[in-house]
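These notes are about the structure you will find just below.
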Number of protein chains: 2
Amino acid sequence: MKFCSECAHPVELAVPAGDNRPRYVCASCATIHYQNPKMVLGTLPVWESDGELKILLCKRAIEPRRGYWTLPAGFMENNETTAEAAIRETVEEAGANIVLGPLFSLLNVARVHQVHMFYLATLRDLDFAPGEESLDVQMFSEAQIPWDDLAFPTTRTTLELFLADHRRVREGGEYGFHTLDINRPMRSDL
Amino acid sequence: MKFCSECAHPVELAVPAGDNRPRYVCASCATIHYQNPKMVLGTLPVWESDGELKILLCKRAIEPRRGYWTLPAGFMENNETTAEAAIRETVEEAGANIVLGPLFSLLNVARVHQVHMFYLATLRDLDFAPGEESLDVQMFSEAQIPWDDLAFPTTRTTLELFLADHRRVREGGEYGFHTLDINRPMRSDL
Ligand SMILES: [Zn+2]
Ligand SMILES: [Zn+2]
């Protein structure tokens, strides 16, 4: 940020009165330009038939991490809820028809000012197709998950938590809600 | 937003290529200025002695809703986690020493582009004191909660969910994690 978005005057970093952090402030119109973390919302869409579980993943068509696999997810927009954002991203990236389940994971990625959240979801059918931001959409059994080619650690962590819970659910348990901090770089291979 | 924060050129609302929503875009430097929802993080700090439960509330010293009671909460900052934000707000507004518990509620307030989250918390001691943004900090038993003078519906909803869960916990149950959409105006009296 270099200029005030309200009056076009150059902004400067300063600690406003009553505050304790430097902010971009405008000396001309006195606007304080706060910057806050963003939410990334997605789903973990599954299909179970004959006792076999498969998970939907998207191959990214855009940077960062083009060509790597991810759960469908993206930035939450104004005027929508977390659930609406998760469904929208799943439609946009995978063309998938889902029934949304409960919120499953909330992952803090403080170093990039993001909070990632994933809902459980079940596919209504297998009529999915890659959207503009995906090169491919595929279903993976647990043994087929491309662990070495996942785009982001939040995808990896959510898949790991899900598979562990899924084993417990088969033994009569329930899916949990999981909060975790991701301290690794956002590239999952680093 | 009237001017580009990168080059000071006037921005215009337009749907960028490959997008489906109007954004503030700069015709001069091509920057797209996305606007995203913000997170509000807080706690529900409790003190139990001799079987009596009390809940900490803050009387707001600032607008909106000056003079009304709220759980300690505020906007999450860059470079912190949801848990760190919840603890920081509790210290800033109530001067309270807490042990943070699990995330308890996630409330979508889509009309004001906010997601509010509250963690359970237990007070380490009763040495709290109002910070700059609070006129007063008090402990309330269930019967004393000022329901008609609460600042925001997310405080009201979180208190209601907590008291219902607390009854279940006394009977051997557990606190849940609750997601809800708040469609009422943010002033709890409207
Ligand atoms: Zn200005
Ligand atoms: Zn510009």
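As shown in the structure tokens, the chain order sets the letters A, B, ...; within each chain, residues go from 1, and ligands are also counted from 1 in the order they appear.
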
Check every protein, DNA and RNA residue against ligand 1, keep those with an atom at most 12 Å away (counting only C-alpha atoms and all ligand atoms), and present them as a tab-separated table (two decimals) with C-alpha atoms, in the first residue's frame.
```tsv
chain	number	residue	atom	x	y	z
A	2	LYS	CA	1.47	3.29	-1.16
A	3	PHE	CA	-1.48	5.68	-1.53
A	4	CYS	CA	-4.70	6.39	0.36
A	5	SER	CA	-7.62	4.63	-1.36
A	6	GLU	CA	-9.96	7.41	-0.18
A	7	CYS	CA	-8.03	10.55	-1.24
A	8	ALA	CA	-4.92	9.38	-3.21
A	9	HIS	CA	-2.50	11.06	-0.77
A	10	PRO	CA	0.66	9.00	-0.02
A	11	VAL	CA	0.21	6.87	3.11
A	12	GLU	CA	2.80	6.37	5.84
A	24	TYR	CA	-0.96	2.62	6.93
A	25	VAL	CA	-2.37	6.05	7.81
A	26	CYS	CA	-3.28	9.03	5.62
A	27	ALA	CA	-2.03	12.39	6.88
A	28	SER	CA	-4.44	14.18	4.57
A	29	CYS	CA	-7.86	12.58	5.30
A	30	ALA	CA	-6.89	10.72	8.54
A	31	THR	CA	-8.12	7.35	7.26
A	32	ILE	CA	-6.43	4.36	8.94
A	33	HIS	CA	-6.04	1.49	6.48
B	1	MET	CA	-12.44	2.74	-2.25
B	2	LYS	CA	-11.89	5.60	-4.73
B	3	PHE	CA	-8.19	5.44	-5.68
B	4	CYS	CA	-5.63	2.71	-6.38
B	5	SER	CA	-3.50	2.13	-3.28
B	8	ALA	CA	-3.14	6.64	-6.88
```

**Study point:** Shell around A:Ala96 at 10 Å using only C-alpha atoms, local window under 3 positions removed, as a ChimeraX atom specification
**Key:** /A:45,56,72,87-93,99,122-131,137

Practice item. Write down, as a ChimeraX atom specification, each residue of chain A that has any atom within 8 Å of an atom of chain B, counting only C-alpha atoms. Key: /A:1-9,18,35-39,75-82,103,108-113,132,177,179,181

Any chance you could export the current selection's N, CA, C and O atoms as a CSV table (one decimal), in the first residue's frame?
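So result36.csv came out as:
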```csv
chain,number,residue,atom,x,y,z
A,1,MET,N,0.8,-1.2,0.0
A,1,MET,CA,0.0,0.0,0.0
A,1,MET,C,0.9,1.3,0.0
A,1,MET,O,1.7,1.4,0.9
A,2,LYS,N,0.7,2.1,-1.0
A,2,LYS,CA,1.5,3.3,-1.2
A,2,LYS,C,0.6,4.6,-1.1
A,2,LYS,O,1.1,5.6,-0.6
A,3,PHE,N,-0.6,4.5,-1.5
A,3,PHE,CA,-1.5,5.7,-1.5
A,3,PHE,C,-2.8,5.4,-0.8
A,3,PHE,O,-3.3,4.3,-0.8
A,4,CYS,N,-3.4,6.5,-0.3
A,4,CYS,CA,-4.7,6.4,0.4
A,4,CYS,C,-5.8,6.1,-0.7
A,4,CYS,O,-5.9,6.8,-1.7
A,5,SER,N,-6.6,5.0,-0.4
A,5,SER,CA,-7.6,4.6,-1.4
A,5,SER,C,-8.8,5.6,-1.3
A,5,SER,O,-9.7,5.5,-2.1
A,6,GLU,N,-8.9,6.5,-0.3
A,6,GLU,CA,-10.0,7.4,-0.2
A,6,GLU,C,-9.6,8.8,-0.8
A,6,GLU,O,-10.5,9.4,-1.3
A,7,CYS,N,-8.4,9.2,-0.8
A,7,CYS,CA,-8.0,10.5,-1.2
A,7,CYS,C,-6.8,10.6,-2.1
A,7,CYS,O,-6.4,11.7,-2.6
A,8,ALA,N,-6.1,9.5,-2.3
A,8,ALA,CA,-4.9,9.4,-3.2
A,8,ALA,C,-3.6,10.0,-2.7
A,8,ALA,O,-2.6,10.0,-3.3
A,9,HIS,N,-3.7,10.5,-1.4
A,9,HIS,CA,-2.5,11.1,-0.8
A,9,HIS,C,-1.6,9.9,-0.4
A,9,HIS,O,-2.0,8.8,-0.1
A,18,GLY,N,-4.0,5.5,20.6
A,18,GLY,CA,-4.8,4.4,21.2
A,18,GLY,C,-4.5,3.1,20.6
A,18,GLY,O,-5.2,2.1,21.0
A,35,GLN,N,-5.2,-3.8,7.8
A,35,GLN,CA,-5.0,-5.0,7.0
A,35,GLN,C,-5.3,-6.2,7.9
A,35,GLN,O,-4.7,-6.3,9.0
A,36,ASN,N,-6.1,-7.1,7.4
A,36,ASN,CA,-6.5,-8.2,8.3
A,36,ASN,C,-6.4,-9.6,7.5
A,36,ASN,O,-6.3,-9.6,6.3
A,37,PRO,N,-6.3,-10.6,8.3
A,37,PRO,CA,-6.2,-12.0,7.7
A,37,PRO,C,-7.4,-12.3,6.8
A,37,PRO,O,-8.5,-11.8,7.0
A,38,LYS,N,-7.1,-13.2,5.9
A,38,LYS,CA,-8.2,-13.6,5.0
A,38,LYS,C,-8.6,-15.1,5.3
A,38,LYS,O,-7.7,-15.9,5.7
A,39,MET,N,-9.8,-15.4,4.9
A,39,MET,CA,-10.3,-16.8,5.1
A,39,MET,C,-10.3,-17.5,3.8
A,39,MET,O,-10.7,-17.0,2.7
A,75,PHE,N,-10.6,-18.1,-1.6
A,75,PHE,CA,-10.9,-17.0,-0.7
A,75,PHE,C,-12.4,-16.8,-0.6
A,75,PHE,O,-13.1,-16.7,-1.5
A,76,MET,N,-12.8,-16.6,0.7
A,76,MET,CA,-14.2,-16.3,1.0
A,76,MET,C,-14.4,-14.9,0.5
A,76,MET,O,-13.6,-14.0,0.6
A,77,GLU,N,-15.6,-14.6,0.0
A,77,GLU,CA,-16.0,-13.3,-0.5
A,77,GLU,C,-16.9,-12.6,0.5
A,77,GLU,O,-17.6,-13.2,1.3
A,78,ASN,N,-17.0,-11.3,0.3
A,78,ASN,CA,-18.0,-10.5,1.1
A,78,ASN,C,-19.4,-11.0,0.7
A,78,ASN,O,-19.6,-11.5,-0.4
A,79,ASN,N,-20.3,-10.8,1.7
A,79,ASN,CA,-21.8,-11.2,1.5
A,79,ASN,C,-22.1,-12.6,1.4
A,79,ASN,O,-23.1,-13.0,0.9
A,80,GLU,N,-21.1,-13.5,1.8
A,80,GLU,CA,-21.4,-14.9,1.8
A,80,GLU,C,-21.0,-15.5,3.2
A,80,GLU,O,-20.2,-14.9,3.9
A,81,THR,N,-21.6,-16.6,3.5
A,81,THR,CA,-21.2,-17.3,4.8
A,81,THR,C,-20.0,-18.3,4.4
A,81,THR,O,-19.8,-18.6,3.3
A,82,THR,N,-19.4,-18.8,5.5
A,82,THR,CA,-18.4,-19.8,5.3
A,82,THR,C,-18.9,-21.0,4.5
A,82,THR,O,-18.2,-21.5,3.6
A,103,LEU,N,-18.4,-28.3,9.6
A,103,LEU,CA,-17.1,-27.8,9.5
A,103,LEU,C,-16.1,-28.8,10.2
A,103,LEU,O,-16.4,-29.3,11.3
A,108,ASN,N,-4.8,-22.4,11.1
A,108,ASN,CA,-4.1,-21.1,11.0
A,108,ASN,C,-2.8,-21.1,10.2
A,108,ASN,O,-2.0,-22.0,10.5
A,109,VAL,N,-2.7,-20.3,9.2
A,109,VAL,CA,-1.5,-20.1,8.5
A,109,VAL,C,-1.0,-18.7,8.7
A,109,VAL,O,-1.1,-17.9,7.8
A,110,ALA,N,-0.6,-18.4,9.9
A,110,ALA,CA,-0.4,-17.0,10.3
A,110,ALA,C,0.7,-16.3,9.4
A,110,ALA,O,0.6,-15.1,9.2
A,111,ARG,N,1.7,-17.0,9.0
A,111,ARG,CA,2.8,-16.4,8.2
A,111,ARG,C,2.3,-15.8,6.9
A,111,ARG,O,3.0,-14.9,6.4
A,112,VAL,N,1.2,-16.3,6.4
A,112,VAL,CA,0.6,-15.7,5.1
A,112,VAL,C,-0.7,-15.0,5.4
A,112,VAL,O,-1.4,-14.7,4.5
A,113,HIS,N,-1.0,-14.8,6.7
A,113,HIS,CA,-2.2,-14.1,7.1
A,113,HIS,C,-3.5,-14.7,6.6
A,113,HIS,O,-4.4,-14.1,6.0
A,132,GLU,N,-12.3,-23.4,-14.4
A,132,GLU,CA,-11.2,-22.6,-15.0
A,132,GLU,C,-9.9,-22.7,-14.3
A,132,GLU,O,-8.9,-22.6,-14.8
A,177,PHE,N,-14.1,-31.9,15.2
A,177,PHE,CA,-13.7,-30.6,14.6
A,177,PHE,C,-12.3,-30.3,15.1
A,177,PHE,O,-12.0,-30.4,16.3
A,179,THR,N,-8.8,-27.9,15.2
A,179,THR,CA,-8.1,-26.6,15.0
A,179,THR,C,-6.6,-26.9,15.1
A,179,THR,O,-6.2,-27.6,16.1
A,181,ASP,N,-2.4,-25.1,14.0
A,181,ASP,CA,-1.6,-24.1,13.5
A,181,ASP,C,-0.6,-24.7,12.5
A,181,ASP,O,0.1,-25.7,12.8
```

Check your understanding: With distances taken over only C-alpha atoms, which of B:Arg66, B:Lys54, B:Arg167, B:Arg60 is nearest to B:Met139?
Key -> B:Lys54

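For stretch 153-164 of chain A, the non-local neighbours within 9 Å, defined as residues at least 6 positions apart in the same chain or in other chains and counting only C-alpha atoms, are Leu44, Trp69, Thr70, Leu71, Phe104, Ser105, Leu106, Leu107, Asn108, Val109, His116, Met117, Phe118, Leu120, Glu142, Trp147, Tyr175, Gly176, His178, Leu180, Ile182, Arg184, Pro185, Met186, Arg187, Ser188 and Asp189 of chain A.
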
Would you mind exporting N, CA, C and O atoms of the selected residues as a CSV table (one decimal), in the first residue's frame?
```csv
chain,number,residue,atom,x,y,z
A,44,LEU,N,-14.0,-31.2,1.7
A,44,LEU,CA,-13.4,-32.5,1.5
A,44,LEU,C,-14.5,-33.4,1.0
A,44,LEU,O,-15.3,-34.0,1.8
A,69,TRP,N,-2.0,-31.1,-6.6
A,69,TRP,CA,-3.3,-31.5,-6.2
A,69,TRP,C,-3.8,-30.8,-4.9
A,69,TRP,O,-3.0,-30.6,-4.0
A,70,THR,N,-5.0,-30.4,-4.9
A,70,THR,CA,-5.6,-29.7,-3.7
A,70,THR,C,-7.1,-30.1,-3.5
A,70,THR,O,-7.7,-30.5,-4.4
A,71,LEU,N,-7.5,-30.0,-2.3
A,71,LEU,CA,-9.0,-30.0,-2.0
A,71,LEU,C,-9.5,-28.7,-2.6
A,71,LEU,O,-8.9,-27.6,-2.6
A,104,PHE,N,-15.0,-29.1,9.5
A,104,PHE,CA,-14.2,-30.2,10.0
A,104,PHE,C,-12.8,-29.7,10.5
A,104,PHE,O,-12.3,-30.2,11.5
A,105,SER,N,-12.2,-28.8,9.8
A,105,SER,CA,-10.9,-28.3,10.2
A,105,SER,C,-10.8,-26.8,10.0
A,105,SER,O,-11.4,-26.2,9.2
A,106,LEU,N,-10.0,-26.2,11.0
A,106,LEU,CA,-9.7,-24.8,10.9
A,106,LEU,C,-8.2,-24.6,11.2
A,106,LEU,O,-7.7,-25.0,12.2
A,107,LEU,N,-7.5,-24.2,10.2
A,107,LEU,CA,-6.1,-24.2,10.2
A,107,LEU,C,-5.5,-22.8,10.0
A,107,LEU,O,-5.7,-22.1,9.0
A,108,ASN,N,-4.8,-22.4,11.1
A,108,ASN,CA,-4.1,-21.1,11.0
A,108,ASN,C,-2.8,-21.1,10.2
A,108,ASN,O,-2.0,-22.0,10.5
A,109,VAL,N,-2.7,-20.3,9.2
A,109,VAL,CA,-1.5,-20.1,8.5
A,109,VAL,C,-1.0,-18.7,8.7
A,109,VAL,O,-1.1,-17.9,7.8
A,116,HIS,N,-7.5,-21.2,7.0
A,116,HIS,CA,-8.2,-22.2,6.1
A,116,HIS,C,-9.2,-23.0,6.8
A,116,HIS,O,-8.9,-23.5,7.9
A,117,MET,N,-10.3,-23.2,6.2
A,117,MET,CA,-11.4,-24.0,6.9
A,117,MET,C,-11.9,-24.9,5.8
A,117,MET,O,-12.2,-24.6,4.7
A,118,PHE,N,-12.1,-26.2,6.2
A,118,PHE,CA,-12.7,-27.2,5.3
A,118,PHE,C,-13.9,-27.9,6.0
A,118,PHE,O,-13.9,-28.3,7.1
A,120,LEU,N,-16.7,-31.0,5.7
A,120,LEU,CA,-17.0,-32.4,5.1
A,120,LEU,C,-18.0,-32.2,4.1
A,120,LEU,O,-18.9,-31.3,4.2
A,142,GLU,N,-7.8,-44.0,-0.6
A,142,GLU,CA,-6.8,-43.6,0.4
A,142,GLU,C,-5.4,-44.0,-0.2
A,142,GLU,O,-4.4,-43.2,-0.1
A,147,TRP,N,0.3,-38.0,-2.2
A,147,TRP,CA,0.9,-37.3,-1.1
A,147,TRP,C,2.1,-36.5,-1.5
A,147,TRP,O,2.4,-35.4,-0.9
A,175,TYR,N,-16.9,-38.0,13.5
A,175,TYR,CA,-15.9,-37.0,13.0
A,175,TYR,C,-15.8,-35.9,14.0
A,175,TYR,O,-16.8,-35.4,14.6
A,176,GLY,N,-14.6,-35.4,14.3
A,176,GLY,CA,-14.3,-34.3,15.2
A,176,GLY,C,-14.3,-33.0,14.4
A,176,GLY,O,-14.5,-32.9,13.2
A,178,HIS,N,-11.4,-30.0,14.2
A,178,HIS,CA,-10.0,-29.9,14.5
A,178,HIS,C,-9.5,-28.5,14.2
A,178,HIS,O,-9.7,-27.9,13.1
A,180,LEU,N,-5.8,-26.3,14.2
A,180,LEU,CA,-4.4,-26.6,14.2
A,180,LEU,C,-3.7,-25.3,13.6
A,180,LEU,O,-4.3,-24.6,12.8
A,182,ILE,N,-0.5,-24.2,11.3
A,182,ILE,CA,0.4,-24.7,10.3
A,182,ILE,C,1.6,-23.7,10.3
A,182,ILE,O,1.5,-22.5,9.9
A,184,ARG,N,4.6,-24.7,8.8
A,184,ARG,CA,5.4,-24.9,7.7
A,184,ARG,C,5.2,-23.9,6.6
A,184,ARG,O,4.1,-23.3,6.6
A,185,PRO,N,6.1,-23.8,5.6
A,185,PRO,CA,5.8,-22.9,4.5
A,185,PRO,C,4.6,-23.5,3.7
A,185,PRO,O,4.2,-24.6,3.8
A,186,MET,N,3.9,-22.6,3.0
A,186,MET,CA,2.7,-23.0,2.3
A,186,MET,C,2.9,-24.0,1.2
A,186,MET,O,2.0,-24.7,0.8
A,187,ARG,N,4.1,-24.0,0.6
A,187,ARG,CA,4.4,-25.1,-0.3
A,187,ARG,C,4.7,-26.4,0.4
A,187,ARG,O,5.5,-26.5,1.3
A,188,SER,N,3.9,-27.4,0.1
A,188,SER,CA,3.9,-28.6,1.0
A,188,SER,C,5.2,-29.4,0.8
A,188,SER,O,5.5,-30.3,1.6
A,189,ASP,N,6.0,-29.1,-0.2
A,189,ASP,CA,7.2,-29.9,-0.4
A,189,ASP,C,8.4,-29.2,0.3
A,189,ASP,O,9.5,-29.7,0.2
```

Review point. DSSP on the backbone: what in stretch 42-88 of chain B comes out strand (DSSP E or B), as a PyMOL selection string?
Key: chain B and resi 42-49+52-60+69-70+73-75

For the residues in the current selection, export N, CA, C and O atoms as an mmCIF file, in the first residue's frame.
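This went into again37.cif:
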```cif
data_model
loop_
_atom_site.group_PDB
_atom_site.id
_atom_site.type_symbol
_atom_site.label_atom_id
_atom_site.label_comp_id
_atom_site.auth_asym_id
_atom_site.auth_seq_id
_atom_site.Cartn_x
_atom_site.Cartn_y
_atom_site.Cartn_z
ATOM 1 N N GLY B 42 -12.796 -13.721 19.916
ATOM 2 C CA GLY B 42 -13.011 -13.404 21.317
ATOM 3 C C GLY B 42 -13.046 -14.652 22.179
ATOM 4 O O GLY B 42 -12.812 -15.764 21.699
ATOM 5 N N THR B 43 -13.338 -14.432 23.455
ATOM 6 C CA THR B 43 -13.426 -15.543 24.409
ATOM 7 C C THR B 43 -14.693 -15.420 25.243
ATOM 8 O O THR B 43 -15.312 -14.357 25.331
ATOM 9 N N LEU B 44 -15.043 -16.538 25.873
ATOM 10 C CA LEU B 44 -16.108 -16.582 26.870
ATOM 11 C C LEU B 44 -15.427 -17.019 28.168
ATOM 12 O O LEU B 44 -15.288 -18.215 28.425
ATOM 13 N N PRO B 45 -14.942 -16.037 28.966
ATOM 14 C CA PRO B 45 -14.137 -16.365 30.156
ATOM 15 C C PRO B 45 -15.037 -16.646 31.361
ATOM 16 O O PRO B 45 -15.910 -15.859 31.684
ATOM 17 N N VAL B 46 -14.814 -17.800 31.986
ATOM 18 C CA VAL B 46 -15.655 -18.189 33.123
ATOM 19 C C VAL B 46 -14.802 -18.412 34.376
ATOM 20 O O VAL B 46 -13.584 -18.641 34.316
ATOM 21 N N TRP B 47 -15.491 -18.309 35.511
ATOM 22 C CA TRP B 47 -14.900 -18.556 36.832
ATOM 23 C C TRP B 47 -15.903 -19.393 37.605
ATOM 24 O O TRP B 47 -17.060 -19.018 37.722
ATOM 25 N N GLU B 48 -15.483 -20.559 38.059
ATOM 26 C CA GLU B 48 -16.392 -21.393 38.838
ATOM 27 C C GLU B 48 -15.813 -21.611 40.218
ATOM 28 O O GLU B 48 -14.642 -21.990 40.361
ATOM 29 N N SER B 49 -16.625 -21.324 41.256
ATOM 30 C CA SER B 49 -16.202 -21.663 42.620
ATOM 31 C C SER B 49 -17.435 -22.067 43.408
ATOM 32 O O SER B 49 -18.503 -21.472 43.256
ATOM 33 N N GLU B 52 -20.676 -22.460 41.620
ATOM 34 C CA GLU B 52 -21.342 -21.329 40.977
ATOM 35 C C GLU B 52 -20.524 -20.828 39.801
ATOM 36 O O GLU B 52 -19.328 -20.560 39.930
ATOM 37 N N LEU B 53 -21.202 -20.698 38.659
ATOM 38 C CA LEU B 53 -20.564 -20.247 37.437
ATOM 39 C C LEU B 53 -20.752 -18.749 37.278
ATOM 40 O O LEU B 53 -21.858 -18.222 37.450
ATOM 41 N N LYS B 54 -19.643 -18.049 36.936
ATOM 42 C CA LYS B 54 -19.770 -16.638 36.567
ATOM 43 C C LYS B 54 -19.040 -16.399 35.253
ATOM 44 O O LYS B 54 -18.024 -17.029 34.973
ATOM 45 N N ILE B 55 -19.587 -15.477 34.473
ATOM 46 C CA ILE B 55 -19.059 -15.182 33.137
ATOM 47 C C ILE B 55 -18.615 -13.722 33.088
ATOM 48 O O ILE B 55 -19.321 -12.831 33.566
ATOM 49 N N LEU B 56 -17.438 -13.498 32.496
ATOM 50 C CA LEU B 56 -16.907 -12.140 32.369
ATOM 51 C C LEU B 56 -17.497 -11.436 31.152
ATOM 52 O O LEU B 56 -17.504 -11.979 30.051
ATOM 53 N N LEU B 57 -17.979 -10.220 31.374
ATOM 54 C CA LEU B 57 -18.434 -9.369 30.268
ATOM 55 C C LEU B 57 -17.802 -7.987 30.393
ATOM 56 O O LEU B 57 -17.464 -7.539 31.495
ATOM 57 N N CYS B 58 -17.639 -7.325 29.256
ATOM 58 C CA CYS B 58 -17.062 -5.978 29.190
ATOM 59 C C CYS B 58 -18.137 -4.994 28.731
ATOM 60 O O CYS B 58 -18.896 -5.286 27.803
ATOM 61 N N LYS B 59 -18.145 -3.820 29.362
ATOM 62 C CA LYS B 59 -19.042 -2.735 28.935
ATOM 63 C C LYS B 59 -18.272 -1.859 27.954
ATOM 64 O O LYS B 59 -17.218 -1.309 28.299
ATOM 65 N N ARG B 60 -18.785 -1.721 26.742
ATOM 66 C CA ARG B 60 -18.033 -1.071 25.680
ATOM 67 C C ARG B 60 -17.860 0.431 25.908
ATOM 68 O O ARG B 60 -18.828 1.135 26.203
ATOM 69 N N TRP B 69 -23.008 -4.337 26.877
ATOM 70 C CA TRP B 69 -22.116 -5.397 27.355
ATOM 71 C C TRP B 69 -21.795 -6.397 26.255
ATOM 72 O O TRP B 69 -22.646 -6.748 25.446
ATOM 73 N N THR B 70 -20.561 -6.889 26.283
ATOM 74 C CA THR B 70 -20.100 -7.819 25.254
ATOM 75 C C THR B 70 -19.076 -8.783 25.836
ATOM 76 O O THR B 70 -18.432 -8.489 26.849
ATOM 77 N N ALA B 73 -13.776 -9.275 22.565
ATOM 78 C CA ALA B 73 -13.575 -9.714 21.177
ATOM 79 C C ALA B 73 -13.150 -8.528 20.320
ATOM 80 O O ALA B 73 -13.468 -7.383 20.644
ATOM 81 N N GLY B 74 -12.471 -8.812 19.225
ATOM 82 C CA GLY B 74 -12.082 -7.750 18.308
ATOM 83 C C GLY B 74 -11.483 -8.331 17.042
ATOM 84 O O GLY B 74 -11.333 -9.557 16.907
ATOM 85 N N PHE B 75 -11.133 -7.450 16.121
ATOM 86 C CA PHE B 75 -10.648 -7.898 14.817
ATOM 87 C C PHE B 75 -9.311 -8.628 14.934
ATOM 88 O O PHE B 75 -8.377 -8.153 15.584
#
```

Point to revise | DSSP helix (DSSP H, G or I) selection over stretch 3-188 of chain B, as a ChimeraX atom specification | key: /B:82-94,110-112,142-144,147-149,153-170

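In this structure, atom CA of B:Leu135 sits 28.9 Å away from atom CA of B:Asp50.
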
**Study point:** Distance in Å - atom CA of B:Gly67 versus atom CA of A:Ala14
**Key:**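 Those two atoms sit 29.3 Å apart.
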
Check your understanding: Which value, in Å to one decimal, gives the distance between atom CA of B:Ala151 and atom CA of B:Arg65?
Key ->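 Atom CA of B:Ala151 sits 5.6 Å away from atom CA of B:Arg65.
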